[in-house]
Amino acid sequence: MQQKLIWFLRILIVIQSLGYAAKLAAPSALNSYLLGSMGGAFVLALDHSVWLFLLFASGALLVLGFFGPAASSVLGKIDFAFLGLLALWPFVASIFSWLNNTGDPFYATDPIGHAVRFAAPLALVFLTINPTQGCQRGVDWLLRLSVAGAFIGHGLCAWWIKPSFIDLIVGTWDTILGQDLSASVSRQAFAEALLSVIAIQDFILVVLLLLPHRKIRTVAMWMAIWGLVTAMSRMTAYGWGNWHDLALRVCNGGIPLFLWYSWKQPTIDRTNS
Amino acid sequence: MKTKALAPLGLLIFTFFSPVFAQPSPWLDEEYLEQRTSQLTPTRSAAPSQWRVIWTKEPSTRATVSWTTGKKGSEHRLMYGVRSSDDPKLTESIKPQKNGAYSSARGEYFHHARLSGLSPSTTYDFQIESDGHQSPLMHFTTAPADDRTFRVLFGGDSRTGIEVRAQVNLLIADLSEKDNQLIGFAHGGDYIVSGRSWSQWSTWLSQHELTVANSGKVLPIIPTRGNHDGGPLYDEIFDTPGGKDKNYFFTRLSPDVALVTLNTEISAGGEQRFWLGQTLASLRSQVRWLLAEYHRPAWPAVKSPGAAKKFWVPLFEKFNLDLVVESDGHVIKRTVPIRNEKKDPTGIVYVGEGGLGVPQRKPKSDRWYLQQPGMTGAGHHVMRVEFSKTKMDYEVILLDGKQGDNYEFSVR
Ligand SMILES: [Fe+2]
C-alpha cells in the first residue's frame with residue numbers, strides 16, 4: 001500500500017484524537033458512568049489524564065510517523081501501543097455513552113455508529129505490522145464494515161428523527177438564511193422530511209458499499225462527501241467554536257475517502273474473484 | 001416531695017430548650033432516614049400510593065392529583081374540599097379522568113384526577129380512595145390571583161444517589177412545613193437514570209411521598225423533561241404535561257409571575273422556538289417576573305452548551321427574562337448577567353444546575369460567565385425563589401438547611 005495513503009490514515013487518527021481531547025472540556029461518558037461510585041474528584045482527574053494522553057499521543061503519532069520505525073523495534077511497539085489506546089478511547093466512550101442511557105434507542109446506536117473511529121487506528125496497526133495483500137484485504141473489509149456501521153447508526157437516528165439532527169438542519173438553515181422565528185415551524189417540517197430521505201440514502205449506500213466482489217468508487221466518494229458534510233453540520237449549525245465536533249468525526253468522511261483512493265482502478269475486486 | 005414540686009419547673013425548662021436540643025436536620029441522621037424510607041406506602045396492593053399534585057398551565061384554578069394502585073381496581077375517586085377549619089370537609093368528589101397501566105410495569109396503574117374551577121390562594125384538603133382504601137388526608141394551596149408574595153422551590157437531577165434523594169425530599173418537606181408562602185416545586189428533570197425503567201420511576205414516586213409535610217401539605221410539582229427521562233412513563237406519571245411529544249408549557253404562577261418550562265429533549269429550533277417567541281412576547285408585557293426552566297444548560301458550569309444557547313438565548317435576551325433555571329451539570333452555579341455573549345448589567349442570570357440527589361461534580365469555575373458576581377459550588381441543594389412587588393430573592397438551600405448562595409433581583 002502506498003506510503004501517502006498510510007500517512008493519510010495516520011493524520012486522520014491524529015485529527016480525531018485531537019477532537020476527542022477538545023471534547024473533554026465536557027465530562028466524558030466514562031466520567032458520567034463512574035461519577036456515582038468514584039466521586040467527582042476522581043472522574044475529573046480521570047478525564048484530565050485521558051486529555052493529556054490524547055494530546056501527547058497525537059503528537060507522538062506524528063513524530064513516529066516521520067521516523068517510520070520497524071514494526072518489531074521498540075519505537076514500533078510504542079507506536080502500536082499508542083494506536084491501540086487511541087482506538088480504545090472512542091470504543092470506551094461509545095460503550096459508556098450507551099450504558100449511561102440504557103433504553104434510549106439513539107444512544108444504543110453509538111457503539112456501531114462510532115465503529116469507524118476505533119477501526120481506523122486498528123487498521124493502521126494491521127497495515128504496519130503486516131503489509132501483505134492478504135492483510136490489506138482484511139483491513140479493507142474492516143474499514144468497509146466500520147463505515148457501514150457509521151452509516152447504519154446515523155441512518156437509524158435519522159429514520160427515528162433524532163431531535164438533535166433536526167436542530168443541526170434547522171441551525172444550518174439559520175446560518176445560511178438568517179434566523180427567522182416565523183420560519184422555525186416550516187424549517188422543522190423540512191428537516192424531518194429530509195431526515196427520512198437521508199436515512200434511506202444511508203441504508204442504500206451501506207448495501208452498495210458491502211456488495212461482495214464489488215468496489216464502487218462512486219459510492220466511496222459519495223460516502224466521503226456525505227460523511228464530511230454531516231460532520232461539518234455541527235459547525236454550520238452551532239458555529240466554528242465546535243471544530244472539535246468535526247475533528248472527532250473526521251473518519252466518517254476520511255475513511256470512505258481512504259477506500260476511494262485505495263480502490264483506484266478496478267470496480268471489480270479481482271483479488272476476490 | 002421536693003422533686004415533685006420541681007417537676008413542673010423541669011418540664012417548663014425542657015419545653016423552652018427542646019428546640020435547641022432537637023436535631024435541626026434529622027434527615028442527616030441515618031437511623032431517622034431509614035425509619036422514614038421504610039414507612040413509604042407499598043405499591044403492589046389495591047390501595048393508593050405514590051401521590052402527587054401536578055401543576056402545568058393554570059395553577060390558581062387547576063391541579064391534577066395523581067396516584068398509583070398495584071391493580072387496575074374498579075372504584076377510584078378523589079374527595080376534596082376547601083379547608084375551612086381543622087375539621088376537614090371533603091364536600092366534593094371526582095373520578096380520575098385518566099387511568100391506565102404504566103408502561104413496562106408489573107401491573108401498576110396510574111390515575112389522574114384533573115381538578116378545575118378551584119379558587120385561587122385557597123387551601124384544599126384532599127383524600128384519595130381506591131377500592132375502599134384511603135390515602136392519608138393531605139392538602140395543597142392553589143396559586144394566587146393577586147399580587148401577594150409567595151415562594152417556589154426549584155431543583156433538578158435526582159436520578160442517582162437514591163439515599164440523598166430521600167434526604168433532599170425530607171428537606172423539601174421541612175421547608176414546606178415551615179413556610180405558608182411556599183406553594184410549589186419545579187423539578188428540572190433527570191428524575192431517574194433510565195426513563196423507560198418502571199422500577200426506577202416507582203422508587204422515585206414512592207420517595208416523592210417524603211416531600212409531603214407532617215401536616216399533610218403537598219407541594220404541587222411542575223415537571224420538566226430531562227435527558228434521562230425518555231420514553232412513555234414520563235407522560236404517564238405527570239399526565240402528559242404540555243401535550244404529547246411537546247412537554248413544554250407556561251405556568252402562570254400569579255398575575256405577575258410566569259414560568260416557561262421548555263423541553264431540551266425535542267427540537268429546540270423548530271416549533272418549540274416559534275412557540276417560545278410567541279409566548280414570551282405575550283407574557284412579557286403582562287408579568288413582572290418572567291422565568292424559564294429547562295434541563296440542558298445554555299450556560300453550563302460543567303458540560304458544553306446545549307441547543308438552547310443558539311435557539312432560545314436570543315429570545316430570552318429579546319424579552320428580558322428575569323431568571324433562567326437550568327439543570328444537568330450536578331453543581332451549584334449562578335452566572336453573571338449575560339447579554340450578547342458578554343457580561344452586561346442588563347443581561348440574564350442563569351442558575352442551577354442540579355442537586356436533588358445526584359453526586360456532585362467540580363464546576364468549571366474558570367468560565368467567564370461564572371466569575372464574580374456569579375458563583376459556583378457543589379453540594380446537594382434546592383433553590384428557593386421569592387416573588388414580591390419590588391424584588392425577587394433567590395437562594396440556594398443546602399442539605400443541612402444552610403444557605404449556599406443568595407442573590408437579589410430588582411424589577412427590570
Ligand atoms: Fe441531565
# chains A, B, ... in the order shown; residues from 1 in each chain; ligands from 1
>>> select_by_dssp(residues="range 134-309 of chain B", states="helix (DSSP H, G or I)", output="PyMOL selection string")
chain B and resi 162-178+198-211+233-238+271-284+308-309
>>> residues_near_ligand(ligand="ligand 1", cutoff="7 Å", atoms="only C-alpha atoms and all ligand atoms", output="MDAnalysis selection string")
chainID B and resid 157 190 226:228 295:296 327:329
>>> interface_residues(of="chain B", to="chain A", cutoff="8 Å", atoms="only C-alpha atoms", output="list of chain:residue names")
B:Thr160, B:Gly161, B:Val193, B:Ser194, B:Gly195, B:Arg196, B:His228, B:Gly230, B:Gly231, B:Glu265, B:Ile266, B:Ser267, B:Ala268, B:Gly269, B:Gly270, B:Glu271, B:Arg273, B:Phe274, B:Gly277, B:Val302, B:Lys303, B:Ser304, B:Ala307, B:Lys310, B:Val358, B:Pro359, B:Gln360, B:Arg361, B:Lys362
>>> write_last_selection(atoms="N, CA and C atoms", output="PDB file, in the first residue's frame")
ATOM      1  N   THR B 160     -29.560   9.643  40.489  1.00  0.00           N
ATOM      2  CA  THR B 160     -28.775   8.674  41.264  1.00  0.00           C
ATOM      3  C   THR B 160     -28.580   9.251  42.665  1.00  0.00           C
ATOM      4  N   GLY B 161     -27.972   8.475  43.537  1.00  0.00           N
ATOM      5  CA  GLY B 161     -27.830   8.940  44.907  1.00  0.00           C
ATOM      6  C   GLY B 161     -29.177   8.864  45.591  1.00  0.00           C
ATOM      7  N   VAL B 193     -32.424   7.374  36.271  1.00  0.00           N
ATOM      8  CA  VAL B 193     -31.364   7.137  35.285  1.00  0.00           C
ATOM      9  C   VAL B 193     -31.962   6.742  33.935  1.00  0.00           C
ATOM     10  N   SER B 194     -32.866   5.765  33.972  1.00  0.00           N
ATOM     11  CA  SER B 194     -33.413   5.270  32.726  1.00  0.00           C
ATOM     12  C   SER B 194     -34.923   5.497  32.695  1.00  0.00           C
ATOM     13  N   GLY B 195     -35.333   6.425  31.833  1.00  0.00           N
ATOM     14  CA  GLY B 195     -36.737   6.833  31.764  1.00  0.00           C
ATOM     15  C   GLY B 195     -37.697   5.717  31.412  1.00  0.00           C
ATOM     16  N   ARG B 196     -37.155   4.609  30.876  1.00  0.00           N
ATOM     17  CA  ARG B 196     -38.033   3.506  30.495  1.00  0.00           C
ATOM     18  C   ARG B 196     -38.122   2.444  31.583  1.00  0.00           C
ATOM     19  N   HIS B 228     -32.512  11.986  30.761  1.00  0.00           N
ATOM     20  CA  HIS B 228     -32.668  10.601  31.228  1.00  0.00           C
ATOM     21  C   HIS B 228     -34.134  10.178  31.322  1.00  0.00           C
ATOM     22  N   GLY B 230     -36.497   9.793  29.003  1.00  0.00           N
ATOM     23  CA  GLY B 230     -37.112   9.405  27.733  1.00  0.00           C
ATOM     24  C   GLY B 230     -38.160   8.313  27.932  1.00  0.00           C
ATOM     25  N   GLY B 231     -38.997   8.127  26.911  1.00  0.00           N
ATOM     26  CA  GLY B 231     -39.989   7.046  26.971  1.00  0.00           C
ATOM     27  C   GLY B 231     -41.338   7.519  27.474  1.00  0.00           C
ATOM     28  N   GLU B 265     -35.245  17.934  25.143  1.00  0.00           N
ATOM     29  CA  GLU B 265     -35.128  16.592  24.561  1.00  0.00           C
ATOM     30  C   GLU B 265     -35.865  16.448  23.238  1.00  0.00           C
ATOM     31  N   ILE B 266     -36.439  17.538  22.753  1.00  0.00           N
ATOM     32  CA  ILE B 266     -37.006  17.557  21.401  1.00  0.00           C
ATOM     33  C   ILE B 266     -36.317  18.700  20.661  1.00  0.00           C
ATOM     34  N   SER B 267     -36.703  18.930  19.406  1.00  0.00           N
ATOM     35  CA  SER B 267     -36.070  20.015  18.662  1.00  0.00           C
ATOM     36  C   SER B 267     -36.254  21.342  19.399  1.00  0.00           C
ATOM     37  N   ALA B 268     -35.132  22.041  19.563  1.00  0.00           N
ATOM     38  CA  ALA B 268     -35.196  23.351  20.225  1.00  0.00           C
ATOM     39  C   ALA B 268     -35.469  24.451  19.205  1.00  0.00           C
ATOM     40  N   GLY B 269     -35.000  24.231  17.973  1.00  0.00           N
ATOM     41  CA  GLY B 269     -35.025  25.303  16.981  1.00  0.00           C
ATOM     42  C   GLY B 269     -36.270  25.347  16.114  1.00  0.00           C
ATOM     43  N   GLY B 270     -37.135  24.326  16.221  1.00  0.00           N
ATOM     44  CA  GLY B 270     -38.306  24.263  15.350  1.00  0.00           C
ATOM     45  C   GLY B 270     -39.540  24.881  15.998  1.00  0.00           C
ATOM     46  N   GLU B 271     -40.613  24.069  16.031  1.00  0.00           N
ATOM     47  CA  GLU B 271     -41.891  24.540  16.573  1.00  0.00           C
ATOM     48  C   GLU B 271     -41.765  25.143  17.964  1.00  0.00           C
ATOM     49  N   ARG B 273     -39.310  26.701  19.328  1.00  0.00           N
ATOM     50  CA  ARG B 273     -38.754  28.055  19.310  1.00  0.00           C
ATOM     51  C   ARG B 273     -39.829  29.067  18.903  1.00  0.00           C
ATOM     52  N   PHE B 274     -40.617  28.684  17.916  1.00  0.00           N
ATOM     53  CA  PHE B 274     -41.686  29.579  17.466  1.00  0.00           C
ATOM     54  C   PHE B 274     -42.662  29.847  18.618  1.00  0.00           C
ATOM     55  N   GLY B 277     -41.114  32.140  21.223  1.00  0.00           N
ATOM     56  CA  GLY B 277     -41.125  33.537  20.793  1.00  0.00           C
ATOM     57  C   GLY B 277     -42.501  34.171  21.011  1.00  0.00           C
ATOM     58  N   VAL B 302     -20.376  22.816  33.745  1.00  0.00           N
ATOM     59  CA  VAL B 302     -19.572  21.595  33.646  1.00  0.00           C
ATOM     60  C   VAL B 302     -19.447  21.154  32.184  1.00  0.00           C
ATOM     61  N   LYS B 303     -20.589  21.012  31.516  1.00  0.00           N
ATOM     62  CA  LYS B 303     -20.595  20.408  30.175  1.00  0.00           C
ATOM     63  C   LYS B 303     -20.445  21.481  29.095  1.00  0.00           C
ATOM     64  N   SER B 304     -20.771  21.109  27.850  1.00  0.00           N
ATOM     65  CA  SER B 304     -20.750  22.103  26.771  1.00  0.00           C
ATOM     66  C   SER B 304     -22.193  22.557  26.509  1.00  0.00           C
ATOM     67  N   ALA B 307     -28.435  23.028  22.680  1.00  0.00           N
ATOM     68  CA  ALA B 307     -29.054  23.784  21.583  1.00  0.00           C
ATOM     69  C   ALA B 307     -29.787  25.021  22.103  1.00  0.00           C
ATOM     70  N   LYS B 310     -28.194  28.478  21.199  1.00  0.00           N
ATOM     71  CA  LYS B 310     -28.379  29.072  19.877  1.00  0.00           C
ATOM     72  C   LYS B 310     -29.827  29.507  19.657  1.00  0.00           C
ATOM     73  N   VAL B 358     -28.145  13.636  42.950  1.00  0.00           N
ATOM     74  CA  VAL B 358     -27.009  13.168  42.138  1.00  0.00           C
ATOM     75  C   VAL B 358     -25.680  13.552  42.785  1.00  0.00           C
ATOM     76  N   PRO B 359     -24.673  12.678  42.623  1.00  0.00           N
ATOM     77  CA  PRO B 359     -23.347  13.036  43.134  1.00  0.00           C
ATOM     78  C   PRO B 359     -22.885  14.324  42.459  1.00  0.00           C
ATOM     79  N   GLN B 360     -22.264  15.171  43.219  1.00  0.00           N
ATOM     80  CA  GLN B 360     -21.881  16.482  42.688  1.00  0.00           C
ATOM     81  C   GLN B 360     -20.521  16.437  41.989  1.00  0.00           C
ATOM     82  N   ARG B 361     -20.399  17.296  40.981  1.00  0.00           N
ATOM     83  CA  ARG B 361     -19.142  17.426  40.236  1.00  0.00           C
ATOM     84  C   ARG B 361     -18.418  18.681  40.698  1.00  0.00           C
ATOM     85  N   LYS B 362     -17.187  18.814  40.176  1.00  0.00           N
ATOM     86  CA  LYS B 362     -16.434  20.046  40.423  1.00  0.00           C
ATOM     87  C   LYS B 362     -16.761  20.990  39.271  1.00  0.00           C
TER      88      LYS B 362
END
>>> residues_around(residues="range 209-212 of chain B", least_positions_apart="2", cutoff="7 Å", atoms="only C-alpha atoms", output="list in words")
Gln50, Trp51, Ala166, Asn169, Leu170, Ile172, Ala173, Ser206, Gln207, Asn214, Gly216, Lys217 and Val218 of chain B
>>> write_last_selection(atoms="all heavy atoms", output="mmCIF file, in the first residue's frame")
data_model
loop_
_atom_site.group_PDB
_atom_site.id
_atom_site.type_symbol
_atom_site.label_atom_id
_atom_site.label_comp_id
_atom_site.auth_asym_id
_atom_site.auth_seq_id
_atom_site.Cartn_x
_atom_site.Cartn_y
_atom_site.Cartn_z
ATOM 1 N N GLN B 50 -47.981 6.634 46.102
ATOM 2 C CA GLN B 50 -47.214 7.492 45.180
ATOM 3 C C GLN B 50 -47.998 8.738 44.761
ATOM 4 O O GLN B 50 -47.984 9.139 43.603
ATOM 5 C CB GLN B 50 -46.784 6.673 43.958
ATOM 6 C CG GLN B 50 -45.949 5.460 44.339
ATOM 7 C CD GLN B 50 -45.413 4.673 43.155
ATOM 8 O OE1 GLN B 50 -45.987 4.712 42.074
ATOM 9 N NE2 GLN B 50 -44.315 3.966 43.353
ATOM 10 N N TRP B 51 -48.681 9.370 45.724
ATOM 11 C CA TRP B 51 -49.500 10.538 45.397
ATOM 12 C C TRP B 51 -48.638 11.730 45.050
ATOM 13 O O TRP B 51 -47.538 11.904 45.569
ATOM 14 C CB TRP B 51 -50.435 10.877 46.555
ATOM 15 C CG TRP B 51 -49.831 10.556 47.883
ATOM 16 C CD1 TRP B 51 -48.920 11.282 48.572
ATOM 17 C CD2 TRP B 51 -50.074 9.377 48.657
ATOM 18 N NE1 TRP B 51 -48.588 10.656 49.734
ATOM 19 C CE2 TRP B 51 -49.268 9.485 49.812
ATOM 20 C CE3 TRP B 51 -50.895 8.262 48.491
ATOM 21 C CZ2 TRP B 51 -49.266 8.506 50.803
ATOM 22 C CZ3 TRP B 51 -50.879 7.290 49.473
ATOM 23 C CH2 TRP B 51 -50.079 7.411 50.616
ATOM 24 N N ALA B 166 -33.743 10.934 49.026
ATOM 25 C CA ALA B 166 -34.715 10.873 50.124
ATOM 26 C C ALA B 166 -34.435 11.987 51.131
ATOM 27 O O ALA B 166 -35.365 12.615 51.658
ATOM 28 C CB ALA B 166 -34.640 9.507 50.801
ATOM 29 N N ASN B 169 -35.671 15.211 49.759
ATOM 30 C CA ASN B 169 -37.133 15.244 49.838
ATOM 31 C C ASN B 169 -37.600 15.628 51.248
ATOM 32 O O ASN B 169 -38.556 16.385 51.408
ATOM 33 C CB ASN B 169 -37.722 13.887 49.447
ATOM 34 C CG ASN B 169 -37.658 13.662 47.942
ATOM 35 O OD1 ASN B 169 -37.252 14.547 47.199
ATOM 36 N ND2 ASN B 169 -38.054 12.483 47.504
ATOM 37 N N LEU B 170 -36.902 15.101 52.255
ATOM 38 C CA LEU B 170 -37.271 15.447 53.631
ATOM 39 C C LEU B 170 -36.957 16.907 53.926
ATOM 40 O O LEU B 170 -37.680 17.578 54.673
ATOM 41 C CB LEU B 170 -36.558 14.509 54.611
ATOM 42 C CG LEU B 170 -37.080 13.063 54.579
ATOM 43 C CD1 LEU B 170 -36.119 12.113 55.289
ATOM 44 C CD2 LEU B 170 -38.468 12.974 55.209
ATOM 45 N N ILE B 172 -37.160 19.240 51.647
ATOM 46 C CA ILE B 172 -38.250 19.947 50.963
ATOM 47 C C ILE B 172 -39.502 19.962 51.845
ATOM 48 O O ILE B 172 -40.154 20.996 52.011
ATOM 49 C CB ILE B 172 -38.542 19.291 49.592
ATOM 50 C CG1 ILE B 172 -37.383 19.562 48.628
ATOM 51 C CG2 ILE B 172 -39.859 19.795 49.005
ATOM 52 C CD1 ILE B 172 -37.472 18.834 47.299
ATOM 53 N N ALA B 173 -39.813 18.807 52.453
ATOM 54 C CA ALA B 173 -40.986 18.723 53.329
ATOM 55 C C ALA B 173 -40.845 19.682 54.502
ATOM 56 O O ALA B 173 -41.799 20.359 54.899
ATOM 57 C CB ALA B 173 -41.161 17.296 53.831
ATOM 58 N N SER B 206 -42.359 6.706 44.985
ATOM 59 C CA SER B 206 -42.594 6.387 46.398
ATOM 60 C C SER B 206 -41.836 7.373 47.282
ATOM 61 O O SER B 206 -42.366 7.870 48.281
ATOM 62 C CB SER B 206 -42.162 4.956 46.703
ATOM 63 O OG SER B 206 -43.038 4.059 46.058
ATOM 64 N N GLN B 207 -40.602 7.663 46.893
ATOM 65 C CA GLN B 207 -39.823 8.614 47.699
ATOM 66 C C GLN B 207 -40.406 10.018 47.638
ATOM 67 O O GLN B 207 -40.182 10.824 48.539
ATOM 68 C CB GLN B 207 -38.371 8.632 47.214
ATOM 69 C CG GLN B 207 -37.602 7.405 47.651
ATOM 70 C CD GLN B 207 -36.114 7.567 47.389
ATOM 71 O OE1 GLN B 207 -35.703 8.308 46.505
ATOM 72 N NE2 GLN B 207 -35.307 6.872 48.156
ATOM 73 N N ASN B 214 -45.378 16.903 57.466
ATOM 74 C CA ASN B 214 -46.087 16.157 58.524
ATOM 75 C C ASN B 214 -47.541 16.586 58.642
ATOM 76 O O ASN B 214 -48.414 15.795 58.988
ATOM 77 C CB ASN B 214 -45.392 16.357 59.872
ATOM 78 C CG ASN B 214 -44.033 15.684 59.868
ATOM 79 O OD1 ASN B 214 -43.820 14.697 59.161
ATOM 80 N ND2 ASN B 214 -43.094 16.241 60.629
ATOM 81 N N GLY B 216 -49.414 17.209 56.277
ATOM 82 C CA GLY B 216 -50.157 16.736 55.110
ATOM 83 C C GLY B 216 -50.060 17.692 53.935
ATOM 84 O O GLY B 216 -50.655 17.458 52.885
ATOM 85 N N LYS B 217 -49.276 18.752 54.088
ATOM 86 C CA LYS B 217 -49.147 19.730 52.994
ATOM 87 C C LYS B 217 -48.339 19.132 51.840
ATOM 88 O O LYS B 217 -47.239 18.626 52.032
ATOM 89 C CB LYS B 217 -48.464 20.995 53.503
ATOM 90 C CG LYS B 217 -48.266 22.044 52.416
ATOM 91 C CD LYS B 217 -47.515 23.260 52.951
ATOM 92 C CE LYS B 217 -47.131 24.196 51.815
ATOM 93 N NZ LYS B 217 -46.245 25.275 52.258
ATOM 94 N N VAL B 218 -48.926 19.216 50.649
ATOM 95 C CA VAL B 218 -48.265 18.707 49.444
ATOM 96 C C VAL B 218 -47.848 19.904 48.593
ATOM 97 O O VAL B 218 -48.634 20.825 48.396
ATOM 98 C CB VAL B 218 -49.238 17.819 48.632
ATOM 99 C CG1 VAL B 218 -48.592 17.348 47.339
ATOM 100 C CG2 VAL B 218 -49.687 16.630 49.458
#
>>> residues_around(residues="Arg83 in chain B", least_positions_apart="4", cutoff="7 Å", atoms="only C-alpha atoms", output="number ranges by chain")
B: 88, 123-125
>>> write_last_selection(atoms="N, CA and C atoms", output="PDB file, in the first residue's frame")
ATOM      1  N   PRO B  88     -61.826  18.760  58.578  1.00  0.00           N
ATOM      2  CA  PRO B  88     -61.881  18.768  57.118  1.00  0.00           C
ATOM      3  C   PRO B  88     -63.253  18.352  56.581  1.00  0.00           C
ATOM      4  N   THR B 123     -56.584  26.805  50.196  1.00  0.00           N
ATOM      5  CA  THR B 123     -56.057  25.505  50.593  1.00  0.00           C
ATOM      6  C   THR B 123     -57.165  24.463  50.488  1.00  0.00           C
ATOM      7  N   TYR B 124     -56.864  23.396  49.795  1.00  0.00           N
ATOM      8  CA  TYR B 124     -57.823  22.298  49.618  1.00  0.00           C
ATOM      9  C   TYR B 124     -57.333  21.059  50.358  1.00  0.00           C
ATOM     10  N   ASP B 125     -58.207  20.528  51.189  1.00  0.00           N
ATOM     11  CA  ASP B 125     -57.947  19.212  51.776  1.00  0.00           C
ATOM     12  C   ASP B 125     -58.312  18.173  50.731  1.00  0.00           C
TER      13      ASP B 125
END
>>> residues_around(residues="Thr346 in chain B", least_positions_apart="6", cutoff="10 Å", atoms="only C-alpha atoms", output="PyMOL selection string")
chain B and resi 317+320+322+337-339+412
>>> write_last_selection(atoms="all heavy atoms", output="JSON list (two decimals), in the first residue's frame")
[["chain", "number", "residue", "atom", "x", "y", "z"],
["B", 317, "GLU", "N", -33.04, 37.08, 25.69],
["B", 317, "GLU", "CA", -32.46, 38.42, 25.76],
["B", 317, "GLU", "C", -33.41, 39.46, 25.16],
["B", 317, "GLU", "O", -33.54, 40.57, 25.66],
["B", 317, "GLU", "CB", -31.09, 38.43, 25.06],
["B", 317, "GLU", "CG", -30.10, 37.56, 25.82],
["B", 317, "GLU", "CD", -28.70, 37.49, 25.19],
["B", 317, "GLU", "OE1", -28.48, 38.16, 24.16],
["B", 317, "GLU", "OE2", -27.85, 36.76, 25.74],
["B", 320, "ASN", "N", -36.05, 39.99, 27.72],
["B", 320, "ASN", "CA", -35.54, 40.36, 29.05],
["B", 320, "ASN", "C", -36.07, 39.47, 30.17],
["B", 320, "ASN", "O", -36.72, 39.96, 31.11],
["B", 320, "ASN", "CB", -35.91, 41.82, 29.36],
["B", 320, "ASN", "CG", -35.19, 42.75, 28.42],
["B", 320, "ASN", "OD1", -33.98, 42.65, 28.22],
["B", 320, "ASN", "ND2", -35.93, 43.66, 27.80],
["B", 322, "ASP", "N", -36.20, 37.39, 33.57],
["B", 322, "ASP", "CA", -35.67, 37.80, 34.86],
["B", 322, "ASP", "C", -34.79, 36.73, 35.50],
["B", 322, "ASP", "O", -33.92, 37.06, 36.30],
["B", 322, "ASP", "CB", -36.84, 38.15, 35.79],
["B", 322, "ASP", "CG", -37.59, 39.36, 35.26],
["B", 322, "ASP", "OD1", -37.03, 40.46, 35.33],
["B", 322, "ASP", "OD2", -38.69, 39.19, 34.72],
["B", 337, "PRO", "N", -24.87, 38.38, 34.87],
["B", 337, "PRO", "CA", -25.91, 38.71, 33.89],
["B", 337, "PRO", "C", -25.29, 38.70, 32.49],
["B", 337, "PRO", "O", -24.23, 39.30, 32.28],
["B", 337, "PRO", "CB", -26.36, 40.12, 34.28],
["B", 337, "PRO", "CG", -25.67, 40.46, 35.55],
["B", 337, "PRO", "CD", -24.57, 39.50, 35.77],
["B", 338, "ILE", "N", -25.94, 37.98, 31.56],
["B", 338, "ILE", "CA", -25.35, 37.78, 30.23],
["B", 338, "ILE", "C", -26.25, 38.39, 29.16],
["B", 338, "ILE", "O", -27.46, 38.18, 29.16],
["B", 338, "ILE", "CB", -25.18, 36.28, 29.93],
["B", 338, "ILE", "CG1", -24.29, 35.61, 30.98],
["B", 338, "ILE", "CG2", -24.61, 36.06, 28.53],
["B", 338, "ILE", "CD1", -24.27, 34.10, 30.91],
["B", 339, "ARG", "N", -25.61, 39.12, 28.25],
["B", 339, "ARG", "CA", -26.31, 39.59, 27.05],
["B", 339, "ARG", "C", -25.28, 39.64, 25.92],
["B", 339, "ARG", "O", -24.15, 40.08, 26.12],
["B", 339, "ARG", "CB", -26.92, 40.97, 27.28],
["B", 339, "ARG", "CG", -27.83, 41.44, 26.13],
["B", 339, "ARG", "CD", -28.44, 42.80, 26.40],
["B", 339, "ARG", "NE", -29.40, 42.82, 27.49],
["B", 339, "ARG", "CZ", -30.67, 42.39, 27.40],
["B", 339, "ARG", "NH1", -31.14, 41.91, 26.27],
["B", 339, "ARG", "NH2", -31.47, 42.45, 28.45],
["B", 412, "ARG", "N", -37.11, 44.86, 36.51],
["B", 412, "ARG", "CA", -36.45, 45.47, 35.34],
["B", 412, "ARG", "C", -37.09, 46.79, 34.98],
["B", 412, "ARG", "O", -38.27, 46.96, 35.11],
["B", 412, "ARG", "CB", -36.57, 44.53, 34.15],
["B", 412, "ARG", "CG", -35.57, 43.39, 34.19],
["B", 412, "ARG", "CD", -35.58, 42.65, 32.88],
["B", 412, "ARG", "NE", -34.75, 41.46, 32.93],
["B", 412, "ARG", "CZ", -33.43, 41.44, 32.67],
["B", 412, "ARG", "NH1", -32.81, 42.53, 32.33],
["B", 412, "ARG", "NH2", -32.76, 40.30, 32.73]]
>>> closest_residue(among="A:Arg234, A:Val139, A:Ser196, A:Thr218", to="Thr175 in chain A", atoms="only C-alpha atoms")
A:Arg234
>>> atom_distance(atom1="CA of Lys402 in chain B", atom2="CA of Ser25 in chain B")
10.0 Å
>>> atom_distance(atom1="CA of Phe409 in chain B", atom2="CA of Arg148 in chain B")
17.1 Å
>>> residues_around(residues="range 99-111 of chain B", least_positions_apart="2", cutoff="12 Å", atoms="only C-alpha atoms", output="PyMOL selection string")
(chain A and resi 103) or (chain B and resi 42-53+64-78+94-97+113-114+128-130+195-202+205+231-239)
>>> closest_residue(among="A:Ile204, A:Leu145, A:Ala108, A:Leu122", to="Phe82 in chain A", atoms="only C-alpha atoms")
A:Leu122
>>> select_by_dssp(residues="range 105-215 of chain B", states="strand (DSSP E or B)", output="number ranges by chain")
B: 109-115, 123-130, 133-134, 138-141, 150-155, 182-187
>>> closest_residue(among="B:Ile54, B:Arg159, B:Thr141, B:Gly117", to="Leu182 in chain B", atoms="only C-alpha atoms")
B:Thr141
